[in-house]
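Trainee: Mind having a look at this structure? Questions to follow.
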Amino acid sequence: MAKKAQINFEKCKGCDLCIAICPVGAVHKGGKGNKKGFDCVEIEFEKCTGCGACYIICPDCCIDIIEK
Amino acid sequence: MNIIKTQPKSITTESTKYCPGCGHGIVLRLIGEIIDELGIREKMILTAPVGCAVVLYDYMLCDVVECAHGRAPAVATALKRVHPDKFVLVYQGDGDLAAIGTAEIIHAANRGENLSVIFVNNAIYGMTGGQMAPTTLIGQKTTTSPSGRTAKGMGKPIRVCELLTTLEETKYLERTTVHSVRNINKTKAAIKKVFQNQMNGVGFSMVEILSMCPVGWRVSPTEALQFIEEQMISYFPPGVYKDTD
Amino acid sequence: MAENNIGSDSKRVLLKGNEAVGEAAIKAGCQCYFAYPITPQTETPEYLSRRMETENRVFLQAESEVAAINMVFGASAAGARVMTSSSSPGISLKQEGISYIAGAELPCVIVNVVRGGPGLGNIEASQADYFQTTRGGGHGDYRCIALAPNSVQECYDMTMNAFDLADYYRMPVFIQSDGIIGQLVEPFEMHPYKPMFEKLPPKTWALTGCAGRKPNVVRTLYMTPADGLEMLNRKLEQKYKKIQSELRWFENFNCDGADLIIIAYGATSRIAKSAIKKHNGNGKKVGLFRPRTIWPWPDIELVEIAKKNKNAKFLVIEMSMGQMLEDVQLALMDIVLKKDILFYGMGGGWNPTPESIYDKISETLKK
């Protein structure tokens, strides 16, 4: 079991704060628009350490920290 | 799969109308977390300001009153006098608190009303499209200071925490920011402190939160983090300005 | 709807109009009072600063009239009976707050002891806030109920009624006093509180913490058509129509068979009555039609009187340059020409005297 960050794609507004804050560079732009038209982010499962920094900085509660 | 962290229960699951990268969104989540942790949602009455947070009642799942611009401290004074056993939260932006509402915040503070005030300072008027605020920095360009704010004719930015320290009935004043994880954690602790002060009957407590407004500042959200780091905190130093505990 | 009766356990006391307003608020269960000093109503906050304390209620001298009306907004949203008082310039300051209170359908009582204007004006009596009170005053489509006392007894009775009307209809209720009535010292019956309605609707909308129910929101912003700002306006319109059909208070003094009908309210009506009493018996008969609610205005009742007295002349007397005059013209427009509705008014915080009205009556009747 490891902690990971998981993104709610449809809630993301593409602000990129999580990209800036991630200490291991596990977040990047997905290049895919969601239903609202935002260019959302994707989290690389393997790289993610589940530190929760993205959860803390996300202004839109898009990110859950889960244990898998 | 276990969920370790997810959004607080006391706030809406719907998307907010805040812009991408807006600091209000972070503050909203922190308030939601604290309400969940303290279990006070059903006791809460919140005042919504005029500004980007005007629709706070769509985001926060508690009793809310939408106030006239700047008047929240007066409205909250009455709410708390009528319901002293309830938890009254005052939420204001820099136009609401430091421009039109200067008299109301000073007098509510001066009377020592037992309120918790969250003052979101993003040095601009976001809702109306980016005009100069009382906390806009010298040299900062806005739609009503297109050449940059000058001290001559416009005055210097107002430091609200410092201003309120002279009032003897203010009990807790702290300034924090939401531009980094470490600072967001400090903000959460500060908000919790001002909540607990009200619950313990300590008296007027406020946290001023330096916050991002990428659209108002005409920068990207990531650049907005830098603006706070490189420009705002030297003029508005974070820290505890009063703690009478 | 019953108006107050004088009970057997009432006292006969001597008080100022402004003080009677305060005592009536106490008796009606006013829980909060917020105000700012301004002549000629300062006796009300001074009186209540003592009485609210002895009754263990909330008295707060606010930092401004703006702050005071917003405190009223908050206390009302919290479900409390609440009042503020001021005079003309202070009432102007309150207009934004009053618009919010009306839009949010909150109950409250607002006392305006009208003084000379515009601007800082003077501290004498005036009736030049009539438009401000009866036409909305603040922004948007809304109305306030407005009761116009002309005696200390009515200051007492009407203030008591105002709290019930505010709660029943969920809106601001004005007591439109003036610098003479507010300062008048008269004996009156200080009777116990007698509610106007058997039952008032419970305040299920109030902000009391959402335990056991869905959260309540008190708001006036409705940005999208789906949110329904138009719906709110239509709802308010229906409410106001209902009130106009139900709440029409007036006094008919001597109008039946009158050759001249004076229309006046507040202090002017008292002065006019003195002149009328002196004049009657000199052959021609003079009557007084006194609206006691200036919103709604008792237009139907005036029309009935006009129809019964087809040859009567009409003289509107106001301490203004002609504000209620327009409501009289509107009321009588189908039966009396505008040019035939005479007007005797004065602005700038001056009042007519019994002698000046007497002369006006004589002059009018000669024509």
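Residues are referred to by chain and number: the chain letter is A, B, ... according to the order shown in the structure tokens, the number counts from 1 in that chain, and ligands are numbered separately from 1 in the order shown.
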Skip Val202 of chain B itself and residues of its chain fewer than 2 positions away, then list as a VMD selection string all residues within 10 Å of it, counting only C-alpha atoms.
Mentor: chain B and resid 112 to 115 170 to 172 194 196 to 200 204 to 205 244 to 245
Trainee: Give the residues of chain B that lie within 6 Å of chain C; count only C-alpha atoms, and format the answer as an MDAnalysis selection string.
Mentor: chainID B and resid 42:44 62:66 74:75 78:79
Trainee: Return the single residue from B:Leu167, B:Val120, B:Ala53, B:Ala224 that is closest to chain A, with distances computed using only C-alpha atoms.
Mentor: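 Under the stated criterion, the closest residue is B:Ala224.
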Trainee: I need the residue nearest chain A from this list: B:Cys161, B:Val55, B:Met60, B:Ile184. Use only C-alpha atoms for the distance.
Mentor: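 Closest residue, counting only C-alpha atoms: B:Ile184.
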Trainee: Hey, what's within 12 Å of Ile26 of chain C if we count only C-alpha atoms and toss same-chain stuff fewer than 2 positions away? As a PyMOL selection string, please?
Mentor: chain C and resi 19-24+28-33+44+47-59+81-83+156+159-160+163+190+192-193
Trainee: Selection from above, N, CA, C and O atoms, as a CSV table (one decimal), in the first residue's frame, can you write it?
Mentor:
```
chain,number,residue,atom,x,y,z
C,19,GLU,N,-39.6,59.8,23.1
C,19,GLU,CA,-39.5,58.8,24.2
C,19,GLU,C,-40.6,57.8,24.1
C,19,GLU,O,-40.4,56.6,24.4
C,20,ALA,N,-41.8,58.2,23.7
C,20,ALA,CA,-43.0,57.3,23.6
C,20,ALA,C,-42.6,56.2,22.5
C,20,ALA,O,-43.0,55.1,22.7
C,21,VAL,N,-41.9,56.6,21.5
C,21,VAL,CA,-41.5,55.7,20.5
C,21,VAL,C,-40.6,54.6,21.1
C,21,VAL,O,-40.8,53.4,20.9
C,22,GLY,N,-39.7,55.0,22.0
C,22,GLY,CA,-38.8,54.1,22.6
C,22,GLY,C,-39.6,53.2,23.5
C,22,GLY,O,-39.3,51.9,23.5
C,23,GLU,N,-40.5,53.7,24.3
C,23,GLU,CA,-41.2,52.9,25.3
C,23,GLU,C,-42.1,51.8,24.6
C,23,GLU,O,-42.2,50.7,25.0
C,24,ALA,N,-42.7,52.3,23.4
C,24,ALA,CA,-43.5,51.4,22.7
C,24,ALA,C,-42.6,50.2,22.1
C,24,ALA,O,-43.1,49.0,22.1
C,28,ALA,N,-43.2,46.3,22.9
C,28,ALA,CA,-43.5,45.4,21.7
C,28,ALA,C,-42.5,44.3,21.6
C,28,ALA,O,-42.5,43.5,20.7
C,29,GLY,N,-41.5,44.3,22.6
C,29,GLY,CA,-40.5,43.2,22.6
C,29,GLY,C,-39.3,43.4,21.7
C,29,GLY,O,-38.7,42.5,21.2
C,30,CYS,N,-39.0,44.7,21.4
C,30,CYS,CA,-37.9,45.0,20.6
C,30,CYS,C,-36.6,44.5,21.3
C,30,CYS,O,-36.3,44.9,22.4
C,31,GLN,N,-35.9,43.6,20.6
C,31,GLN,CA,-34.8,43.0,21.3
C,31,GLN,C,-33.5,43.7,21.1
C,31,GLN,O,-32.6,43.7,21.9
C,32,CYS,N,-33.4,44.4,19.9
C,32,CYS,CA,-32.2,45.2,19.6
C,32,CYS,C,-32.5,46.6,19.1
C,32,CYS,O,-33.5,46.7,18.3
C,33,TYR,N,-31.7,47.5,19.5
C,33,TYR,CA,-31.8,48.9,19.0
C,33,TYR,C,-30.5,49.4,18.6
C,33,TYR,O,-29.6,49.4,19.4
C,44,THR,N,-34.6,59.5,21.5
C,44,THR,CA,-34.9,58.0,21.4
C,44,THR,C,-33.7,57.2,21.8
C,44,THR,O,-33.8,56.3,22.7
C,47,TYR,N,-33.1,57.6,25.6
C,47,TYR,CA,-34.1,56.9,26.4
C,47,TYR,C,-33.9,55.4,26.4
C,47,TYR,O,-33.9,54.7,27.4
C,48,LEU,N,-33.6,54.9,25.2
C,48,LEU,CA,-33.4,53.4,25.1
C,48,LEU,C,-32.1,52.9,25.6
C,48,LEU,O,-32.0,51.8,26.0
C,49,SER,N,-31.1,53.8,25.7
C,49,SER,CA,-29.8,53.4,26.3
C,49,SER,C,-30.1,53.0,27.8
C,49,SER,O,-29.4,52.1,28.3
C,50,ARG,N,-31.1,53.7,28.4
C,50,ARG,CA,-31.4,53.3,29.8
C,50,ARG,C,-32.4,52.1,29.8
C,50,ARG,O,-32.1,51.1,30.5
C,51,ARG,N,-33.4,52.2,29.1
C,51,ARG,CA,-34.5,51.2,29.1
C,51,ARG,C,-34.1,49.8,28.6
C,51,ARG,O,-34.4,48.8,29.2
C,52,MET,N,-33.3,49.8,27.5
C,52,MET,CA,-32.8,48.5,27.0
C,52,MET,C,-31.9,47.8,28.0
C,52,MET,O,-32.0,46.6,28.2
C,53,GLU,N,-31.2,48.6,28.8
C,53,GLU,CA,-30.3,48.0,29.8
C,53,GLU,C,-31.1,47.3,30.9
C,53,GLU,O,-30.9,46.2,31.3
C,54,THR,N,-32.1,48.1,31.4
C,54,THR,CA,-32.9,47.5,32.5
C,54,THR,C,-33.7,46.3,32.0
C,54,THR,O,-34.0,45.4,32.8
C,55,GLU,N,-34.0,46.3,30.7
C,55,GLU,CA,-34.8,45.1,30.2
C,55,GLU,C,-33.8,44.0,29.7
C,55,GLU,O,-34.3,43.0,29.1
C,56,ASN,N,-32.5,44.2,29.8
C,56,ASN,CA,-31.6,43.2,29.4
C,56,ASN,C,-31.6,42.9,27.9
C,56,ASN,O,-31.5,41.8,27.5
C,57,ARG,N,-31.8,44.0,27.1
C,57,ARG,CA,-31.8,43.8,25.7
C,57,ARG,C,-30.6,44.5,25.1
C,57,ARG,O,-29.7,45.0,25.8
C,58,VAL,N,-30.5,44.4,23.8
C,58,VAL,CA,-29.2,44.9,23.1
C,58,VAL,C,-29.4,46.4,22.7
C,58,VAL,O,-30.3,46.7,21.8
C,59,PHE,N,-28.6,47.3,23.3
C,59,PHE,CA,-28.6,48.7,22.8
C,59,PHE,C,-27.2,48.9,22.4
C,59,PHE,O,-26.2,48.6,23.1
C,81,ARG,N,-36.6,41.0,16.9
C,81,ARG,CA,-37.3,42.3,16.6
C,81,ARG,C,-36.3,43.4,16.8
C,81,ARG,O,-35.6,43.5,17.9
C,82,VAL,N,-36.2,44.3,15.9
C,82,VAL,CA,-35.1,45.3,15.9
C,82,VAL,C,-35.6,46.6,15.3
C,82,VAL,O,-36.4,46.7,14.4
C,83,MET,N,-35.0,47.7,15.9
C,83,MET,CA,-35.4,49.1,15.5
C,83,MET,C,-34.2,50.0,15.3
C,83,MET,O,-33.2,49.8,16.0
C,156,TYR,N,-46.7,56.3,20.2
C,156,TYR,CA,-46.7,55.1,21.0
C,156,TYR,C,-47.4,53.9,20.3
C,156,TYR,O,-46.9,52.8,20.1
C,159,THR,N,-45.8,52.8,16.8
C,159,THR,CA,-44.5,52.1,16.9
C,159,THR,C,-44.8,50.7,17.3
C,159,THR,O,-44.2,49.7,16.8
C,160,MET,N,-45.7,50.5,18.3
C,160,MET,CA,-46.1,49.1,18.7
C,160,MET,C,-46.6,48.3,17.5
C,160,MET,O,-46.3,47.2,17.3
C,163,PHE,N,-44.0,46.9,14.7
C,163,PHE,CA,-43.3,45.7,14.9
C,163,PHE,C,-44.1,44.5,14.4
C,163,PHE,O,-43.6,43.6,13.8
C,190,MET,N,-50.4,55.0,28.3
C,190,MET,CA,-49.3,54.0,28.1
C,190,MET,C,-49.9,52.6,28.4
C,190,MET,O,-49.8,52.1,29.5
C,192,PRO,N,-50.6,48.4,27.9
C,192,PRO,CA,-49.8,47.2,27.6
C,192,PRO,C,-49.7,46.9,26.1
C,192,PRO,O,-50.6,47.4,25.3
C,193,TYR,N,-48.7,46.1,25.7
C,193,TYR,CA,-48.6,45.7,24.3
C,193,TYR,C,-49.8,44.8,24.0
C,193,TYR,O,-50.2,43.9,24.7
```
Trainee: If the cut-off is 6 Å, can you tell me the residues of chain A near chain B, counting only C-alpha atoms? I'd like them as a list in words.
Mentor: Lys13, Cys15, Leu17, Pro59, Asp60, Cys61, Asp64, Ile65, Ile66, Glu67 and Lys68 of chain A
Trainee: Could you please take those selected residues and save all heavy atoms as a PDB file, in the first residue's frame?
Mentor:
```
ATOM      1  N   LYS A  13      -9.169  23.162 -13.047  1.00  0.00           N
ATOM      2  CA  LYS A  13      -9.253  24.389 -13.848  1.00  0.00           C
ATOM      3  C   LYS A  13      -7.932  24.697 -14.545  1.00  0.00           C
ATOM      4  O   LYS A  13      -7.743  25.790 -15.088  1.00  0.00           O
ATOM      5  CB  LYS A  13      -9.639  25.579 -12.957  1.00  0.00           C
ATOM      6  CG  LYS A  13     -11.069  25.509 -12.426  1.00  0.00           C
ATOM      7  CD  LYS A  13     -11.350  26.681 -11.486  1.00  0.00           C
ATOM      8  CE  LYS A  13     -12.723  26.575 -10.849  1.00  0.00           C
ATOM      9  NZ  LYS A  13     -12.875  27.513  -9.729  1.00  0.00           N
ATOM     10  N   CYS A  15      -4.912  25.338 -13.405  1.00  0.00           N
ATOM     11  CA  CYS A  15      -4.153  26.478 -12.887  1.00  0.00           C
ATOM     12  C   CYS A  15      -2.662  26.192 -12.760  1.00  0.00           C
ATOM     13  O   CYS A  15      -1.858  27.112 -12.635  1.00  0.00           O
ATOM     14  CB  CYS A  15      -4.725  26.949 -11.549  1.00  0.00           C
ATOM     15  SG  CYS A  15      -4.342  25.892 -10.144  1.00  0.00           S
ATOM     16  N   LEU A  17      -0.881  25.117 -10.364  1.00  0.00           N
ATOM     17  CA  LEU A  17      -0.176  25.331  -9.089  1.00  0.00           C
ATOM     18  C   LEU A  17       0.412  24.026  -8.580  1.00  0.00           C
ATOM     19  O   LEU A  17       1.498  24.008  -7.987  1.00  0.00           O
ATOM     20  CB  LEU A  17      -1.121  25.933  -8.038  1.00  0.00           C
ATOM     21  CG  LEU A  17      -1.558  27.380  -8.279  1.00  0.00           C
ATOM     22  CD1 LEU A  17      -2.419  27.881  -7.124  1.00  0.00           C
ATOM     23  CD2 LEU A  17      -0.355  28.300  -8.448  1.00  0.00           C
ATOM     24  N   PRO A  59      -6.662  24.912  -5.286  1.00  0.00           N
ATOM     25  CA  PRO A  59      -7.751  25.778  -4.828  1.00  0.00           C
ATOM     26  C   PRO A  59      -9.132  25.189  -5.093  1.00  0.00           C
ATOM     27  O   PRO A  59     -10.130  25.791  -4.741  1.00  0.00           O
ATOM     28  CB  PRO A  59      -7.563  27.061  -5.645  1.00  0.00           C
ATOM     29  CG  PRO A  59      -6.288  26.912  -6.399  1.00  0.00           C
ATOM     30  CD  PRO A  59      -6.022  25.462  -6.504  1.00  0.00           C
ATOM     31  N   ASP A  60      -9.209  24.052  -5.724  1.00  0.00           N
ATOM     32  CA  ASP A  60     -10.514  23.564  -6.163  1.00  0.00           C
ATOM     33  C   ASP A  60     -10.870  22.173  -5.668  1.00  0.00           C
ATOM     34  O   ASP A  60     -11.814  21.570  -6.180  1.00  0.00           O
ATOM     35  CB  ASP A  60     -10.574  23.619  -7.704  1.00  0.00           C
ATOM     36  CG  ASP A  60     -10.548  25.052  -8.197  1.00  0.00           C
ATOM     37  OD1 ASP A  60     -11.589  25.706  -8.093  1.00  0.00           O
ATOM     38  OD2 ASP A  60      -9.461  25.524  -8.615  1.00  0.00           O
ATOM     39  N   CYS A  61     -10.144  21.672  -4.663  1.00  0.00           N
ATOM     40  CA  CYS A  61     -10.428  20.347  -4.089  1.00  0.00           C
ATOM     41  C   CYS A  61     -10.512  19.280  -5.168  1.00  0.00           C
ATOM     42  O   CYS A  61     -11.400  18.414  -5.156  1.00  0.00           O
ATOM     43  CB  CYS A  61     -11.737  20.358  -3.289  1.00  0.00           C
ATOM     44  SG  CYS A  61     -11.696  21.447  -1.877  1.00  0.00           S
ATOM     45  N   ASP A  64      -7.504  14.097  -4.371  1.00  0.00           N
ATOM     46  CA  ASP A  64      -7.639  13.236  -3.193  1.00  0.00           C
ATOM     47  C   ASP A  64      -6.299  12.551  -2.971  1.00  0.00           C
ATOM     48  O   ASP A  64      -5.604  12.221  -3.930  1.00  0.00           O
ATOM     49  CB  ASP A  64      -8.693  12.148  -3.425  1.00  0.00           C
ATOM     50  CG  ASP A  64     -10.115  12.694  -3.380  1.00  0.00           C
ATOM     51  OD1 ASP A  64     -10.283  13.844  -2.932  1.00  0.00           O
ATOM     52  OD2 ASP A  64     -11.035  11.972  -3.803  1.00  0.00           O
ATOM     53  N   ILE A  65      -5.956  12.349  -1.706  1.00  0.00           N
ATOM     54  CA  ILE A  65      -4.805  11.504  -1.398  1.00  0.00           C
ATOM     55  C   ILE A  65      -5.358  10.156  -0.988  1.00  0.00           C
ATOM     56  O   ILE A  65      -6.190  10.068  -0.065  1.00  0.00           O
ATOM     57  CB  ILE A  65      -3.939  12.092  -0.267  1.00  0.00           C
ATOM     58  CG1 ILE A  65      -3.537  13.542  -0.591  1.00  0.00           C
ATOM     59  CG2 ILE A  65      -2.703  11.221   0.006  1.00  0.00           C
ATOM     60  CD1 ILE A  65      -2.655  13.704  -1.808  1.00  0.00           C
ATOM     61  N   ILE A  66      -4.942   9.147  -1.710  1.00  0.00           N
ATOM     62  CA  ILE A  66      -5.494   7.813  -1.461  1.00  0.00           C
ATOM     63  C   ILE A  66      -4.375   6.853  -1.113  1.00  0.00           C
ATOM     64  O   ILE A  66      -3.196   7.150  -1.317  1.00  0.00           O
ATOM     65  CB  ILE A  66      -6.244   7.293  -2.708  1.00  0.00           C
ATOM     66  CG1 ILE A  66      -5.288   7.265  -3.913  1.00  0.00           C
ATOM     67  CG2 ILE A  66      -7.462   8.147  -2.997  1.00  0.00           C
ATOM     68  CD1 ILE A  66      -5.803   6.512  -5.104  1.00  0.00           C
ATOM     69  N   GLU A  67      -4.769   5.733  -0.583  1.00  0.00           N
ATOM     70  CA  GLU A  67      -3.798   4.680  -0.287  1.00  0.00           C
ATOM     71  C   GLU A  67      -4.166   3.472  -1.141  1.00  0.00           C
ATOM     72  O   GLU A  67      -5.294   2.978  -1.075  1.00  0.00           O
ATOM     73  CB  GLU A  67      -3.877   4.307   1.194  1.00  0.00           C
ATOM     74  CG  GLU A  67      -2.555   3.932   1.790  1.00  0.00           C
ATOM     75  CD  GLU A  67      -2.602   3.957   3.304  1.00  0.00           C
ATOM     76  OE1 GLU A  67      -3.678   3.672   3.871  1.00  0.00           O
ATOM     77  OE2 GLU A  67      -1.579   4.264   3.916  1.00  0.00           O
ATOM     78  N   LYS A  68      -3.191   3.051  -1.967  1.00  0.00           N
ATOM     79  CA  LYS A  68      -3.499   1.952  -2.878  1.00  0.00           C
ATOM     80  C   LYS A  68      -2.449   0.860  -2.787  1.00  0.00           C
ATOM     81  O   LYS A  68      -1.254   1.181  -2.738  1.00  0.00           O
ATOM     82  CB  LYS A  68      -3.518   2.483  -4.316  1.00  0.00           C
ATOM     83  CG  LYS A  68      -4.884   2.416  -4.953  1.00  0.00           C
ATOM     84  CD  LYS A  68      -4.806   2.824  -6.400  1.00  0.00           C
ATOM     85  CE  LYS A  68      -6.075   2.354  -7.131  1.00  0.00           C
ATOM     86  NZ  LYS A  68      -6.199   2.915  -8.429  1.00  0.00           N
TER      87      LYS A  68
END
```
Trainee: Would you list, as an mmCIF file with N, CA, C and O atoms, in the first residue's frame, the residues of segment 58-185 of chain B that end up in strand (DSSP E or B) under DSSP run on this structure's backbone?
Mentor:
```cif
data_model
loop_
_atom_site.group_PDB
_atom_site.id
_atom_site.type_symbol
_atom_site.label_atom_id
_atom_site.label_comp_id
_atom_site.auth_asym_id
_atom_site.auth_seq_id
_atom_site.Cartn_x
_atom_site.Cartn_y
_atom_site.Cartn_z
ATOM 1 N N MET B 60 -20.364 27.281 1.046
ATOM 2 C CA MET B 60 -20.292 26.847 2.434
ATOM 3 C C MET B 60 -21.657 26.374 2.910
ATOM 4 O O MET B 60 -22.637 27.096 2.773
ATOM 5 N N ASP B 63 -25.543 28.417 7.632
ATOM 6 C CA ASP B 63 -26.348 29.640 7.523
ATOM 7 C C ASP B 63 -25.435 30.784 7.071
ATOM 8 O O ASP B 63 -24.368 31.005 7.640
ATOM 9 N N VAL B 64 -25.883 31.525 6.060
ATOM 10 C CA VAL B 64 -25.066 32.611 5.524
ATOM 11 C C VAL B 64 -25.931 33.845 5.287
ATOM 12 O O VAL B 64 -27.072 33.728 4.848
ATOM 13 N N VAL B 65 -25.360 35.026 5.544
ATOM 14 C CA VAL B 65 -26.029 36.268 5.169
ATOM 15 C C VAL B 65 -25.104 37.040 4.228
ATOM 16 O O VAL B 65 -23.921 37.219 4.504
ATOM 17 N N GLU B 66 -25.676 37.484 3.134
ATOM 18 C CA GLU B 66 -24.926 38.264 2.148
ATOM 19 C C GLU B 66 -25.049 39.727 2.561
ATOM 20 O O GLU B 66 -26.146 40.267 2.607
ATOM 21 N N PHE B 87 -21.553 30.496 16.351
ATOM 22 C CA PHE B 87 -20.240 30.871 15.868
ATOM 23 C C PHE B 87 -20.396 31.775 14.647
ATOM 24 O O PHE B 87 -20.905 31.344 13.622
ATOM 25 N N VAL B 88 -19.958 33.034 14.768
ATOM 26 C CA VAL B 88 -20.143 33.996 13.680
ATOM 27 C C VAL B 88 -18.804 34.232 12.997
ATOM 28 O O VAL B 88 -17.836 34.690 13.626
ATOM 29 N N LEU B 89 -18.741 33.933 11.714
ATOM 30 C CA LEU B 89 -17.504 34.085 10.944
ATOM 31 C C LEU B 89 -17.651 35.244 9.968
ATOM 32 O O LEU B 89 -18.585 35.281 9.173
ATOM 33 N N VAL B 90 -16.704 36.189 10.031
ATOM 34 C CA VAL B 90 -16.697 37.334 9.119
ATOM 35 C C VAL B 90 -15.648 37.076 8.050
ATOM 36 O O VAL B 90 -14.491 36.817 8.369
ATOM 37 N N TYR B 91 -16.056 37.130 6.802
ATOM 38 C CA TYR B 91 -15.142 36.852 5.689
ATOM 39 C C TYR B 91 -15.169 38.058 4.762
ATOM 40 O O TYR B 91 -16.221 38.421 4.246
ATOM 41 N N GLN B 92 -14.014 38.726 4.598
ATOM 42 C CA GLN B 92 -13.985 39.929 3.773
ATOM 43 C C GLN B 92 -12.749 39.990 2.905
ATOM 44 O O GLN B 92 -11.710 39.408 3.228
ATOM 45 N N GLY B 93 -12.871 40.753 1.799
ATOM 46 C CA GLY B 93 -11.715 41.019 0.935
ATOM 47 C C GLY B 93 -11.169 42.409 1.223
ATOM 48 O O GLY B 93 -11.631 43.102 2.126
ATOM 49 N N SER B 116 -14.645 36.130 14.707
ATOM 50 C CA SER B 116 -13.487 35.617 13.971
ATOM 51 C C SER B 116 -13.537 36.225 12.581
ATOM 52 O O SER B 116 -14.523 36.040 11.864
ATOM 53 N N VAL B 117 -12.471 36.955 12.231
ATOM 54 C CA VAL B 117 -12.449 37.654 10.949
ATOM 55 C C VAL B 117 -11.388 37.036 10.051
ATOM 56 O O VAL B 117 -10.235 36.856 10.466
ATOM 57 N N ILE B 118 -11.802 36.685 8.827
ATOM 58 C CA ILE B 118 -10.843 36.227 7.820
ATOM 59 C C ILE B 118 -10.781 37.295 6.744
ATOM 60 O O ILE B 118 -11.790 37.588 6.090
ATOM 61 N N PHE B 119 -9.603 37.894 6.610
ATOM 62 C CA PHE B 119 -9.418 39.017 5.694
ATOM 63 C C PHE B 119 -8.518 38.547 4.555
ATOM 64 O O PHE B 119 -7.328 38.332 4.748
ATOM 65 N N VAL B 120 -9.096 38.359 3.367
ATOM 66 C CA VAL B 120 -8.333 37.875 2.219
ATOM 67 C C VAL B 120 -7.794 39.085 1.467
ATOM 68 O O VAL B 120 -8.558 39.842 0.853
ATOM 69 N N ASN B 121 -6.481 39.281 1.546
ATOM 70 C CA ASN B 121 -5.842 40.455 0.963
ATOM 71 C C ASN B 121 -5.105 40.060 -0.309
ATOM 72 O O ASN B 121 -4.037 39.461 -0.256
ATOM 73 N N TYR B 125 -8.942 44.732 -6.679
ATOM 74 C CA TYR B 125 -10.384 44.458 -6.710
ATOM 75 C C TYR B 125 -10.623 43.442 -7.817
ATOM 76 O O TYR B 125 -10.670 43.773 -8.993
ATOM 77 N N GLN B 131 -9.285 46.661 -10.320
ATOM 78 C CA GLN B 131 -8.962 48.057 -9.975
ATOM 79 C C GLN B 131 -8.078 48.107 -8.742
ATOM 80 O O GLN B 131 -7.904 47.116 -8.021
ATOM 81 N N THR B 142 -2.800 48.690 -12.101
ATOM 82 C CA THR B 142 -4.163 48.161 -12.075
ATOM 83 C C THR B 142 -4.950 48.960 -13.092
ATOM 84 O O THR B 142 -4.433 49.918 -13.670
ATOM 85 N N SER B 145 -4.989 52.418 -11.833
ATOM 86 C CA SER B 145 -3.667 53.012 -11.621
ATOM 87 C C SER B 145 -2.790 52.484 -12.752
ATOM 88 O O SER B 145 -1.828 51.748 -12.522
ATOM 89 N N THR B 170 -8.591 44.460 20.574
ATOM 90 C CA THR B 170 -8.279 43.382 19.630
ATOM 91 C C THR B 170 -7.412 42.362 20.361
ATOM 92 O O THR B 170 -6.483 42.738 21.087
ATOM 93 N N LYS B 171 -7.716 41.059 20.182
ATOM 94 C CA LYS B 171 -7.037 40.039 20.980
ATOM 95 C C LYS B 171 -6.040 39.212 20.186
ATOM 96 O O LYS B 171 -5.068 38.707 20.727
ATOM 97 N N TYR B 172 -6.318 39.024 18.905
ATOM 98 C CA TYR B 172 -5.391 38.207 18.118
ATOM 99 C C TYR B 172 -5.376 38.712 16.687
ATOM 100 O O TYR B 172 -6.427 38.798 16.050
ATOM 101 N N LEU B 173 -4.177 39.059 16.209
ATOM 102 C CA LEU B 173 -4.023 39.545 14.840
ATOM 103 C C LEU B 173 -2.819 38.853 14.228
ATOM 104 O O LEU B 173 -1.711 38.937 14.765
ATOM 105 N N GLU B 174 -3.030 38.164 13.121
ATOM 106 C CA GLU B 174 -1.912 37.497 12.460
ATOM 107 C C GLU B 174 -2.033 37.675 10.962
ATOM 108 O O GLU B 174 -3.136 37.707 10.413
ATOM 109 N N ARG B 175 -0.899 37.790 10.317
ATOM 110 C CA ARG B 175 -0.882 37.821 8.853
ATOM 111 C C ARG B 175 -0.166 36.570 8.342
ATOM 112 O O ARG B 175 0.913 36.232 8.840
ATOM 113 N N THR B 176 -0.785 35.915 7.371
ATOM 114 C CA THR B 176 -0.173 34.722 6.765
ATOM 115 C C THR B 176 -0.331 34.827 5.253
ATOM 116 O O THR B 176 -0.845 35.828 4.757
ATOM 117 N N THR B 177 0.120 33.802 4.537
ATOM 118 C CA THR B 177 -0.085 33.778 3.081
ATOM 119 C C THR B 177 -0.530 32.390 2.655
ATOM 120 O O THR B 177 -0.485 31.442 3.452
#
```
Trainee: Tell me which protein, DNA and RNA residues are within 8 Å of Gly126 of chain B, counting only C-alpha atoms, leaving out same-chain ones fewer than 6 positions away, and put them as a ChimeraX atom specification.
Mentor: /B:51-52,213,215-216
Trainee: Enter the distance from atom CA of Ala20 of chain A to atom CA of Gly52 of chain A, in Å, rounded to one decimal.
Mentor: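 So the answer is 13.4 Å.
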Trainee: Excluding Pro146 of chain B and any residue of its chain fewer than 3 positions from it, enumerate the residues within 12 Å of it, using only C-alpha atoms, and give them as a list in words.
Mentor: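 Listing them by chain and then by number gives Gly130, Gln131, Met132, Ile138, Gly139, Gln140, Lys141, Thr142, Thr143, Arg149, Thr150 and Trp217 of chain B.
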Trainee: Determine, counting only C-alpha atoms, which protein, DNA and RNA residues have an atom within 8 Å of an atom of Val113 of chain C; residues of the same chain fewer than 4 positions away are not included. Present the result as a ChimeraX atom specification.
Mentor: /C:40-41,85-88,125,176-179,182
Trainee: Where in chain A does DSSP assign alpha helix (DSSP H), given as number ranges by chain?
Mentor: A: 17-21, 53-57
